[in-house]
$ cat my_file37.tsv   # TSV, C-alpha atoms and all ligand atoms
chain	number	residue	atom	x	y	z
A	143	TYR	CA	99.33	72.63	112.54
A	144	ASP	CA	100.82	72.66	109.03
A	145	TYR	CA	102.53	76.01	109.56
A	146	ASP	CA	104.43	77.60	112.43
A	147	LEU	CA	103.75	81.00	110.92
A	148	LEU	CA	101.38	82.52	108.38
A	149	VAL	CA	102.53	85.95	107.21
A	150	VAL	CA	99.89	88.16	105.58
A	151	GLY	CA	101.40	91.12	103.79
A	152	SER	CA	103.21	92.72	100.91
A	153	ALA	CA	105.68	91.50	98.32
A	154	ASN	CA	107.63	94.11	96.36
A	155	ALA	CA	110.40	94.25	93.82
A	156	ASP	CA	112.97	96.77	95.10
A	157	LEU	CA	114.60	98.46	92.08
A	158	VAL	CA	117.83	100.11	93.19
A	159	THR	CA	120.17	102.43	91.30
A	160	VAL	CA	123.09	104.44	92.66
A	161	VAL	CA	123.30	108.07	91.50
A	162	GLU	CA	125.95	110.77	91.97
A	163	ARG	CA	123.22	113.11	93.19
A	164	ARG	CA	119.50	112.57	93.57
A	165	PRO	CA	117.63	114.50	90.84
A	166	ALA	CA	115.87	117.81	91.50
A	167	ALA	CA	112.45	118.56	89.96
A	168	GLY	CA	112.62	118.34	86.18
A	169	GLU	CA	116.17	116.99	86.21
A	170	THR	CA	117.48	113.75	84.72
A	171	VAL	CA	120.54	112.04	86.18
A	172	LEU	CA	122.29	108.84	85.15
A	173	GLY	CA	122.33	105.93	87.57
A	174	SER	CA	124.31	102.72	87.93
A	175	ASP	CA	123.06	99.42	86.47
A	176	LEU	CA	119.71	98.55	88.02
A	177	VAL	CA	119.71	95.92	90.77
A	178	VAL	CA	116.42	94.15	91.58
A	179	HIS	CA	115.96	92.77	95.11
A	180	PRO	CA	112.97	90.87	96.45
A	181	GLY	CA	111.37	92.91	99.23
A	182	GLY	CA	108.16	94.09	100.87
A	183	LYS	CA	107.56	93.57	104.58
A	184	GLY	CA	105.37	90.51	104.16
A	185	ALA	CA	107.80	88.67	101.92
A	186	ASN	CA	110.71	89.77	104.11
A	187	GLN	CA	109.13	88.37	107.26
A	188	ALA	CA	108.20	85.13	105.54
A	189	VAL	CA	111.73	84.65	104.19
A	190	ALA	CA	113.26	85.53	107.56
A	191	ALA	CA	111.12	82.93	109.35
A	192	ALA	CA	111.67	80.22	106.76
A	193	ARG	CA	115.43	80.75	106.82
A	194	LEU	CA	115.38	80.17	110.59
A	195	GLY	CA	113.61	76.86	109.98
A	196	ALA	CA	109.98	77.85	110.62
A	197	ARG	CA	107.32	76.19	108.48
A	198	THR	CA	106.06	79.39	106.89
A	199	ALA	CA	103.30	80.35	104.47
A	200	LEU	CA	102.72	83.76	102.88
A	201	LEU	CA	99.33	85.22	101.97
A	202	ALA	CA	100.02	88.03	99.50
A	203	ARG	CA	99.29	89.24	95.97
A	204	VAL	CA	101.76	89.81	93.12
A	205	GLY	CA	101.26	90.73	89.47
A	206	ASN	CA	101.27	88.33	86.55
A	207	ASP	CA	104.64	89.70	85.43
A	208	GLY	CA	108.39	89.21	85.64
A	209	HIS	CA	108.71	90.83	89.06
A	210	GLY	CA	105.98	88.58	90.41
A	211	ARG	CA	107.76	85.48	89.12
A	212	LEU	CA	111.05	86.68	90.59
A	213	LEU	CA	109.40	87.15	93.98
A	214	LEU	CA	107.73	83.74	93.89
A	215	ASP	CA	111.05	82.08	92.95
A	216	SER	CA	112.99	83.81	95.71
A	217	MET	CA	110.38	82.90	98.31
A	218	ARG	CA	110.34	79.26	97.24
A	219	ASP	CA	114.16	79.18	97.29
A	220	ALA	CA	114.02	80.38	100.90
A	221	GLY	CA	111.55	77.61	101.76
A	222	VAL	CA	108.37	79.70	102.01
A	223	ASP	CA	105.13	77.94	101.05
A	224	THR	CA	103.62	80.21	98.37
A	225	VAL	CA	100.27	78.41	98.09
A	226	GLY	CA	98.64	81.60	99.46
A	227	VAL	CA	100.33	83.99	97.02
A	228	LEU	CA	97.66	85.21	94.59
A	229	VAL	CA	98.70	86.32	91.10
A	230	GLY	CA	97.20	89.10	88.97
A	231	GLY	CA	94.85	92.06	89.32
A	232	ALA	CA	97.59	94.70	89.07
A	233	PRO	CA	101.34	94.90	88.46
A	234	THR	CA	103.61	93.60	91.22
A	235	GLY	CA	104.34	96.20	93.88
A	236	VAL	CA	107.57	98.08	93.23
A	237	ALA	CA	109.86	100.30	95.30
A	238	LEU	CA	111.99	102.64	93.12
A	239	ILE	CA	115.05	103.44	95.20
A	240	THR	CA	117.79	105.93	94.27
A	241	VAL	CA	120.79	105.95	96.56
A	242	ASP	CA	123.49	108.65	96.57
A	243	PRO	CA	127.13	108.08	97.57
A	244	SER	CA	126.46	109.24	101.14
A	245	GLY	CA	123.88	106.47	101.45
A	246	ASP	CA	120.86	108.82	101.55
A	247	ASN	CA	118.02	107.57	99.41
A	248	SER	CA	114.76	108.63	97.79
A	249	ILE	CA	112.04	105.99	97.48
A	250	VAL	CA	108.83	105.87	95.47
A	251	VAL	CA	106.56	102.93	96.31
A	252	SER	CA	103.93	101.75	93.84
A	253	PRO	CA	101.83	99.29	95.89
A	254	GLY	CA	100.33	97.65	92.80
A	255	ALA	CA	99.02	94.19	93.59
A	256	ASN	CA	99.61	94.68	97.35
A	257	GLY	CA	96.83	97.26	97.29
A	258	ARG	CA	94.51	94.69	95.67
A	259	LEU	CA	94.87	92.05	98.42
A	260	SER	CA	91.24	92.41	99.41
A	261	PRO	CA	89.11	91.31	102.38
A	262	GLU	CA	87.54	88.71	100.02
A	263	ASP	CA	91.05	87.34	99.34
A	264	ILE	CA	91.60	87.02	103.09
A	265	ARG	CA	88.27	85.25	103.62
A	266	ALA	CA	88.96	82.87	100.72
A	267	ALA	CA	92.24	81.84	102.39
A	268	GLY	CA	90.42	80.83	105.60
A	269	SER	CA	91.97	77.35	105.71
A	270	LEU	CA	95.48	78.86	106.00
A	271	PHE	CA	94.42	80.60	109.20
A	272	GLN	CA	93.25	77.32	110.69
A	273	ALA	CA	96.57	75.69	109.73
A	274	ALA	CA	98.89	78.22	111.39
A	275	ARG	CA	99.97	78.59	115.02
A	276	VAL	CA	100.75	82.29	114.64
A	277	VAL	CA	99.65	84.91	112.10
A	278	SER	CA	101.69	88.06	111.51
A	279	ALA	CA	100.81	91.15	109.48
A	280	GLN	CA	102.08	94.65	108.65
A	281	LEU	CA	100.35	97.64	107.03
A	282	GLU	CA	101.57	97.54	103.41
A	283	ILE	CA	98.20	96.04	102.41
A	284	PRO	CA	94.75	97.68	102.74
A	285	LEU	CA	93.70	98.27	106.34
A	286	GLU	CA	90.30	96.65	105.72
A	287	SER	CA	92.20	93.46	104.79
A	288	VAL	CA	94.10	93.57	108.09
A	289	VAL	CA	90.73	93.89	109.86
A	290	GLU	CA	89.60	90.80	107.95
A	291	VAL	CA	92.76	88.94	109.06
A	292	VAL	CA	91.81	89.56	112.68
A	293	ARG	CA	88.27	88.28	112.02
A	294	ASN	CA	89.61	85.07	110.47
A	295	LEU	CA	92.02	84.07	113.26
A	296	SER	CA	91.38	80.61	114.65
A	297	PRO	CA	90.30	80.55	118.33
A	298	GLU	CA	93.82	79.58	119.50
A	299	GLY	CA	95.61	81.51	116.75
A	300	ARG	CA	97.99	84.20	118.00
A	301	PHE	CA	98.26	87.50	116.13
A	302	VAL	CA	101.40	89.61	115.84
A	303	LEU	CA	101.26	93.03	114.15
A	304	ASN	CA	104.05	95.35	113.09
A	305	PRO	CA	102.04	98.43	112.02
A	306	SER	CA	104.44	99.70	109.36
A	307	PRO	CA	103.94	102.09	107.64
A	308	PRO	CA	102.01	103.31	110.68
A	309	ARG	CA	98.47	104.70	110.75
A	310	PRO	CA	95.83	104.88	113.45
A	311	LEU	CA	94.22	101.47	113.96
A	312	PRO	CA	90.68	100.38	114.81
A	313	ARG	CA	90.24	99.00	118.31
A	314	GLU	CA	89.26	95.61	116.87
A	315	VAL	CA	92.75	95.23	115.37
A	316	LEU	CA	94.59	96.60	118.41
A	317	ALA	CA	92.73	94.27	120.77
A	318	ALA	CA	93.87	91.23	118.77
A	319	CYS	CA	97.60	92.08	118.92
A	320	ASP	CA	99.72	89.86	121.15
A	321	PRO	CA	102.09	91.60	120.72
A	322	LEU	CA	101.92	94.90	118.85
A	323	ILE	CA	105.53	95.49	117.69
A	324	VAL	CA	106.53	99.13	117.13
A	325	ASN	CA	109.52	101.43	116.97
A	326	GLU	CA	109.28	104.96	118.41
A	327	HIS	CA	107.87	106.55	115.24
A	328	GLU	CA	105.22	103.85	114.87
A	329	ALA	CA	104.32	104.17	118.56
A	330	ARG	CA	103.68	107.92	118.11
A	331	VAL	CA	101.41	107.44	115.09
A	332	ILE	CA	99.45	104.56	116.65
A	333	ALA	CA	98.95	106.52	119.88
A	334	GLY	CA	97.52	109.44	117.83
A	335	ALA	CA	98.79	112.93	117.10
A	336	ASP	CA	97.20	114.42	120.23
A	337	ALA	CA	98.34	111.74	122.65
A	338	GLU	CA	100.97	112.39	125.31
A	339	LEU	CA	103.22	109.42	124.70
A	340	GLY	CA	105.59	110.16	127.58
A	341	ASP	CA	109.37	110.22	127.68
A	342	SER	CA	110.58	106.67	128.17
A	343	PRO	CA	109.82	103.46	126.25
A	344	GLU	CA	108.08	102.29	129.45
A	345	ASP	CA	105.73	105.29	129.13
A	346	TRP	CA	105.11	104.59	125.44
A	347	ALA	CA	104.27	100.98	126.23
A	348	LYS	CA	101.81	102.05	128.93
A	349	THR	CA	100.07	104.44	126.51
A	350	LEU	CA	99.84	101.76	123.83
A	351	LEU	CA	98.59	99.05	126.20
A	352	ALA	CA	95.72	101.37	127.15
A	353	LEU	CA	94.57	101.13	123.51
A	354	GLY	CA	93.85	97.42	123.85
A	355	PRO	CA	96.71	95.11	122.79
A	356	ARG	CA	97.48	92.21	125.12
A	357	SER	CA	101.18	92.94	124.87
A	358	VAL	CA	103.54	95.46	123.30
A	359	VAL	CA	107.12	95.20	122.07
A	360	ILE	CA	109.02	98.45	121.50
A	361	THR	CA	112.08	97.97	119.29
A	362	LEU	CA	114.92	100.36	120.06
A	363	GLY	CA	117.54	99.60	117.39
A	364	ALA	CA	120.98	99.17	118.94
A	365	GLU	CA	119.36	99.73	122.36
A	366	GLY	CA	117.46	96.44	122.09
A	367	ALA	CA	113.77	96.25	122.93
A	368	LEU	CA	111.22	96.60	125.71
A	369	ILE	CA	108.40	94.14	126.24
A	370	ALA	CA	105.30	95.00	128.18
A	371	VAL	CA	102.24	92.86	128.89
A	372	ARG	CA	98.89	94.04	130.11
A	373	ALA	CA	99.25	92.14	133.39
A	374	GLY	CA	102.13	94.46	134.30
A	375	GLU	CA	105.35	92.71	133.33
A	376	ARG	CA	108.02	95.01	131.84
A	377	VAL	CA	111.29	93.52	130.58
A	378	ARG	CA	114.17	95.27	128.87
A	379	VAL	CA	115.72	93.00	126.27
A	380	PRO	CA	119.33	94.03	125.68
A	381	SER	CA	120.64	94.18	122.14
A	382	VAL	CA	123.49	91.97	121.05
A	383	PRO	CA	126.60	94.06	120.38
A	384	VAL	CA	127.57	93.67	116.73
A	385	GLU	CA	129.21	95.80	114.08
A	386	ALA	CA	126.23	97.20	112.17
A	387	VAL	CA	126.74	97.26	108.40
A	388	ASP	CA	123.15	97.86	107.22
A	389	THR	CA	120.08	97.95	109.45
A	390	THR	CA	117.62	97.41	106.57
A	391	GLY	CA	115.27	94.56	107.41
A	392	ALA	CA	116.29	94.29	111.08
A	393	GLY	CA	112.72	94.98	112.18
A	394	ASP	CA	111.32	92.35	109.79
A	395	ALA	CA	113.85	89.75	110.96
A	396	PHE	CA	113.10	90.57	114.60
A	397	THR	CA	109.32	90.32	114.09
A	398	ALA	CA	109.49	87.04	112.19
A	399	ALA	CA	111.75	85.43	114.78
A	400	LEU	CA	109.60	86.62	117.66
A	401	ALA	CA	106.39	85.34	116.06
A	402	TRP	CA	107.96	81.95	115.35
A	403	ARG	CA	109.30	81.46	118.89
A	404	LEU	CA	105.97	82.50	120.45
A	405	GLY	CA	104.29	79.81	118.38
A	406	ALA	CA	106.85	77.33	119.69
A	407	GLY	CA	105.57	78.04	123.19
A	408	GLU	CA	108.25	80.43	124.46
A	409	SER	CA	107.38	83.33	126.74
A	410	LEU	CA	107.40	86.83	125.26
A	411	ALA	CA	110.70	87.53	127.08
A	412	GLN	CA	112.35	84.39	125.73
A	413	ALA	CA	111.07	84.97	122.22
A	414	ALA	CA	112.22	88.61	122.26
A	415	GLY	CA	115.67	87.52	123.49
A	416	TYR	CA	115.98	85.20	120.52
A	417	ALA	CA	114.57	87.85	118.14
A	418	ALA	CA	117.18	90.35	119.34
A	419	ARG	CA	119.89	87.91	118.27
A	420	VAL	CA	118.24	87.47	114.88
A	421	GLY	CA	117.90	91.26	114.44
A	422	ALA	CA	121.56	91.72	115.41
A	423	ALA	CA	122.69	89.06	112.94
A	424	ALA	CA	120.66	90.79	110.20
A	425	VAL	CA	122.44	94.14	110.67
A	426	THR	CA	125.87	92.56	110.18
A	427	ARG	CA	125.18	92.01	106.46
A	428	PRO	CA	123.94	94.36	103.71
A	429	GLY	CA	120.47	94.15	102.21
A	430	ALA	CA	117.18	92.89	103.60
A	431	GLN	CA	116.42	89.27	102.66
A	432	ASP	CA	120.11	88.64	101.86
A	433	SER	CA	120.98	89.59	105.45
A	434	PHE	CA	118.61	87.21	107.24
A	435	PRO	CA	120.44	84.50	109.23
A	436	THR	CA	119.91	80.77	109.52
A	437	SER	CA	119.38	79.36	113.01
A	438	GLN	CA	122.96	78.06	112.98
A	439	GLU	CA	124.21	81.59	112.32
A	440	VAL	CA	122.08	82.88	115.19
A	441	GLU	CA	123.50	80.22	117.52
A	442	ALA	CA	127.01	81.22	116.48
A	443	LEU	CA	126.39	84.82	117.50
A	444	CYS	CA	127.92	85.07	120.96
A	445	CYS	CA	125.46	86.32	123.56
A	446	ALA	CA	123.23	85.38	126.44
A	447	LEU	CA	120.80	82.54	125.90
A	448	PRO	CA	117.14	83.40	125.38
A	449	GLY	CA	115.57	83.92	128.78
A	450	ASP	CA	118.80	85.16	130.34
A	451	THR	CA	117.68	88.76	129.86
A	452	PRO	CA	117.90	91.03	132.90
A	453	ARG	CA	114.45	91.65	134.31
A	454	THR	CA	113.14	94.79	135.84
A	455	PRO	CA	110.41	94.39	138.43
A	456	GLY	CA	106.86	94.66	137.07
A	457	ARG	CA	104.95	97.84	137.76
B	501	LIG	P1	113.49	98.72	110.28
B	501	LIG	O1	114.58	99.71	110.00
B	501	LIG	O2	113.78	97.38	109.70
B	501	LIG	O3	112.10	99.23	110.04
B	501	LIG	P2	112.74	98.84	113.09
B	501	LIG	O4	112.87	100.30	113.42
B	501	LIG	O5	111.38	98.27	112.96
B	501	LIG	O6	113.63	98.46	111.83
B	501	LIG	P3	114.89	98.24	114.92
B	501	LIG	O7	114.60	98.68	116.30
B	501	LIG	O8	115.82	99.06	114.10
B	501	LIG	O9	113.49	97.98	114.18
B	501	LIG	O10	115.50	96.76	114.94
B	501	LIG	C1	114.80	95.65	115.43
B	501	LIG	C2	115.67	94.90	116.42
B	501	LIG	O11	116.87	94.47	115.76
B	501	LIG	C3	116.11	95.74	117.61
B	501	LIG	O12	115.13	95.68	118.64
B	501	LIG	C4	117.40	95.04	118.02
B	501	LIG	O13	117.14	93.90	118.82
B	501	LIG	C5	117.98	94.58	116.66
B	501	LIG	N1	118.92	95.59	116.16
B	501	LIG	C6	118.65	96.62	115.32
B	501	LIG	N2	119.75	97.38	115.11
B	501	LIG	C7	120.74	96.83	115.84
B	501	LIG	C8	122.13	97.14	116.06
B	501	LIG	N3	122.71	98.19	115.48
B	501	LIG	N4	122.83	96.32	116.87
B	501	LIG	C9	122.26	95.26	117.47
B	501	LIG	N5	120.97	94.92	117.31
B	501	LIG	C10	120.21	95.68	116.52
$ encode --input "my_file37.tsv" --output "structure tokens" --more "lines below"
Ligand code: ATP
Amino acid sequence: YDYDLLVVGSANADLVTVVERRPAAGETVLGSDLVVHPGGKGANQAVAAARLGARTALLARVGNDGHGRLLLDSMRDAGVDTVGVLVGGAPTGVALITVDPSGDNSIVVSPGANGRLSPEDIRAAGSLFQAARVVSAQLEIPLESVVEVVRNLSPEGRFVLNPSPPRPLPREVLAACDPLIVNEHEARVIAGADAELGDSPEDWAKTLLALGPRSVVITLGAEGALIAVRAGERVRVPSVPVEAVDTTGAGDAFTAALAWRLGAGESLAQAAGYAARVGAAAVTRPGAQDSFPTSQEVEALCCALPGDTPRTPGR
């Protein structure tokens, strides 16, 4: 394999300005100097994996513009192979973010080129799928392109999906997930508005497994995560106690780390234990991509070794 991980997803420029008060309809307010951060869940996961040392490629689409060049540069600086990043067709995706002094924000996302990453683009990148141990995706690209990702997986290729922003998924996609990685909100949307999800994360996992994925990971923020496999294993993965500064990007860092360690042959429990350390490290620093740790920084974070997680009996 040429790549430990192929990420298929979005790349956005996050344009951030701080305002005294977020504007009401028809109102104009002055903001601080604009800060531009590389973002988008696909780019975030690719950068997180590469920073840990994974050989990572990104399949994405950006515009033929300044934001697109900025994103390509930042990904290359992080060590991501951008051979699969297509250029043109629409402006680079942008998130316009206004933040008030209390930290509350308003966000407008213009998907731009992310919305033009088509099923034909996915098919044309077929060789990347053959070259990667694990493929991960999110839902900031068209759903029909995610379906095409699943159809292009190599026979041994493992597929990891974080369905964010969440929407109901076709069975074909759900059945390919190993694991499906969700927080509570995503679990509710994937299960469907009418579904009884149950009270505990164990109940949510059971409901989701009935939809077809081979395994499910429920992320629980500072509470850690729960893993559940179809065969019956349920394991609570404790979080690593840290002082949280900014949780932005924790889910992307967690997902990237988990996907990478699965490809390295670790069990889901081991990989999730490592991912919990990576997620914890990411919340100790502000920002998304800026907060992602190197493997040395993960090692330095004091906690149990991967695999030392307490196990609850399978049900
Ligand atoms: P995002 O806000 O990035 O969308 P998410 O809701 O998908 O995040 P979280 O559950 O917030 O995902 O975080 C993913 C993982 O990161 C958690 O399962 C946990 O292991 C770790 N993590 C998140 N927040 C904290 C925290 N405050 N302390 C320790 N670990 C954390």
$ closest_residue --input "my_file37.tsv" --among "A:Phe396, A:Trp402, A:Trp346, A:Phe271" --to "ligand LIG 501 (chain B)" --atoms "all atoms listed in the file"
A:Phe396
$ closest_atom_pairs --input "my_file37.tsv" --of "chain A" --to "ligand LIG 501 (chain B)" --cutoff "9 Å" --atoms "only C-alpha atoms and all ligand atoms" --output "CSV"
residue,atom,partner,partner_atom,distance
A:Lys183,CA,B:LIG501,O2,8.9
A:Asn304,CA,B:LIG501,O5,7.9
A:Ser306,CA,B:LIG501,O3,7.7
A:Pro307,CA,B:LIG501,O3,9.0
A:Ile323,CA,B:LIG501,O5,8.0
A:Val324,CA,B:LIG501,O5,6.5
A:Asn325,CA,B:LIG501,O4,5.0
A:Glu326,CA,B:LIG501,O4,7.7
A:His327,CA,B:LIG501,O4,8.2
A:Glu328,CA,B:LIG501,O5,8.5
A:Val359,CA,B:LIG501,O12,8.7
A:Ile360,CA,B:LIG501,O12,7.3
A:Thr361,CA,B:LIG501,O12,3.9
A:Leu362,CA,B:LIG501,O7,4.1
A:Gly363,CA,B:LIG501,O7,3.3
A:Ala364,CA,B:LIG501,C8,3.7
A:Glu365,CA,B:LIG501,C4,6.7
A:Gly366,CA,B:LIG501,O13,4.2
A:Ala367,CA,B:LIG501,O12,4.5
A:Leu368,CA,B:LIG501,O12,8.1
A:Val379,CA,B:LIG501,O13,7.6
A:Pro380,CA,B:LIG501,O13,7.2
A:Ser381,CA,B:LIG501,O13,4.8
A:Val382,CA,B:LIG501,C9,5.0
A:Pro383,CA,B:LIG501,C9,5.4
A:Val384,CA,B:LIG501,N4,5.4
A:Glu385,CA,B:LIG501,N4,7.0
A:Ala386,CA,B:LIG501,N3,4.9
A:Val387,CA,B:LIG501,N3,8.2
A:Asp388,CA,B:LIG501,N3,8.3
A:Thr389,CA,B:LIG501,N2,5.7
A:Thr390,CA,B:LIG501,O2,5.0
A:Gly391,CA,B:LIG501,O2,3.9
A:Ala392,CA,B:LIG501,O2,4.2
A:Gly393,CA,B:LIG501,O2,3.6
A:Asp394,CA,B:LIG501,O2,5.6
A:Ala395,CA,B:LIG501,O11,7.4
A:Phe396,CA,B:LIG501,C2,5.4
A:Thr397,CA,B:LIG501,C1,7.8
A:Ala414,CA,B:LIG501,O13,8.0
A:Gly415,CA,B:LIG501,O13,8.0
A:Tyr416,CA,B:LIG501,O13,8.9
A:Ala417,CA,B:LIG501,O13,6.6
A:Ala418,CA,B:LIG501,O13,3.6
A:Arg419,CA,B:LIG501,O13,6.6
A:Val420,CA,B:LIG501,O11,7.2
A:Gly421,CA,B:LIG501,O11,3.6
A:Ala422,CA,B:LIG501,N5,3.8
A:Ala423,CA,B:LIG501,N5,7.5
A:Ala424,CA,B:LIG501,O11,7.7
A:Val425,CA,B:LIG501,C7,6.1
A:Thr426,CA,B:LIG501,N4,8.3
A:Ala430,CA,B:LIG501,O2,8.3
$ residues_around --input "my_file37.tsv" --residues "Pro261 in chain A" --least-positions-apart "3" --cutoff "8 Å" --atoms "all atoms listed in the file" --output "list in words"
Ile264, Arg265, Glu286, Ser287, Val288, Glu290 and Val291 of chain A
$ atom_distance --input "my_file37.tsv" --atom1 "CA of Ala274 in chain A" --atom2 "CA of Ala196 in chain A"
11.1 Å
$ atom_distance --input "my_file37.tsv" --atom1 "CA of Gly168 in chain A" --atom2 "CA of Asp246 in chain A"
19.9 Å
$ closest_atom_pairs --input "my_file37.tsv" --of "range 207-317 of chain A" --to "range 329-339 of chain A" --cutoff "12 Å" --atoms "only C-alpha atoms" --output "tab-separated table"
residue	atom	partner	partner_atom	distance
A:Leu281	CA	A:Ile332	CA	11.9
A:Leu303	CA	A:Ile332	CA	11.9
A:Asn304	CA	A:Ala329	CA	10.4
A:Pro305	CA	A:Ile332	CA	8.1
A:Ser306	CA	A:Ile332	CA	10.1
A:Pro307	CA	A:Val331	CA	9.5
A:Pro308	CA	A:Val331	CA	6.1
A:Arg309	CA	A:Val331	CA	5.9
A:Pro310	CA	A:Ile332	CA	4.8
A:Leu311	CA	A:Ile332	CA	6.6
A:Pro312	CA	A:Ile332	CA	9.9
A:Arg313	CA	A:Ile332	CA	10.9
A:Val315	CA	A:Ile332	CA	11.6
A:Leu316	CA	A:Ile332	CA	9.5
$ closest_residue --input "my_file37.tsv" --among "A:Val178, A:Ala317, A:Leu270, A:Ala232" --to "Ser296 in chain A" --atoms "only C-alpha atoms"
A:Leu270
$ closest_residue --input "my_file37.tsv" --among "A:Gly235, A:Gly230, A:Gly221, A:Gly429" --to "Asn154 in chain A" --atoms "only C-alpha atoms"
A:Gly235
$ closest_residue --input "my_file37.tsv" --among "A:Leu213, A:Val204, A:Leu443, A:Ile369" --to "Val229 in chain A" --atoms "all atoms listed in the file"
A:Val204
$ residues_around --input "my_file37.tsv" --residues "Arg300 in chain A" --least-positions-apart "2" --cutoff "10 Å" --atoms "all atoms listed in the file" --output "PyMOL selection string"
chain A and resi 147+274-278+292+295-298+302+318-321+401+404-405
$ closest_residue --input "my_file37.tsv" --among "A:Val289, A:Leu410, A:Ala185, A:Ile239" --to "Ala153 in chain A" --atoms "all atoms listed in the file"
A:Ala185
$ atom_distance --input "my_file37.tsv" --atom1 "CA of Phe301 in chain A" --atom2 "CA of Val440 in chain A"
24.3 Å
$ residues_around --input "my_file37.tsv" --residues "Ala188 in chain A" --least-positions-apart "5" --cutoff "7 Å" --atoms "only C-alpha atoms" --output "number ranges by chain"
A: 149, 198-200, 222
$ write_last_selection --input "my_file37.tsv" --atoms "C-alpha atoms" --output "PDB file, keeping the file's coordinate frame"
ATOM      1  CA  VAL A 149     102.530  85.950 107.210  1.00  0.00           C
ATOM      2  CA  THR A 198     106.060  79.390 106.890  1.00  0.00           C
ATOM      3  CA  ALA A 199     103.300  80.350 104.470  1.00  0.00           C
ATOM      4  CA  LEU A 200     102.720  83.760 102.880  1.00  0.00           C
ATOM      5  CA  VAL A 222     108.370  79.700 102.010  1.00  0.00           C
TER       6      VAL A 222
END
$ residues_around --input "my_file37.tsv" --residues "Pro233 in chain A" --least-positions-apart "6" --cutoff "8 Å" --atoms "all atoms listed in the file" --output "count of residues only"
6
$ closest_residue --input "my_file37.tsv" --among "A:Leu157, A:Ala413, A:Ala220, A:Leu214" --to "Phe434 in chain A" --atoms "all atoms listed in the file"
A:Ala220
$ residues_around --input "my_file37.tsv" --residues "Ala373 in chain A" --least-positions-apart "4" --cutoff "12 Å" --atoms "all atoms listed in the file" --output "count of residues only"
10
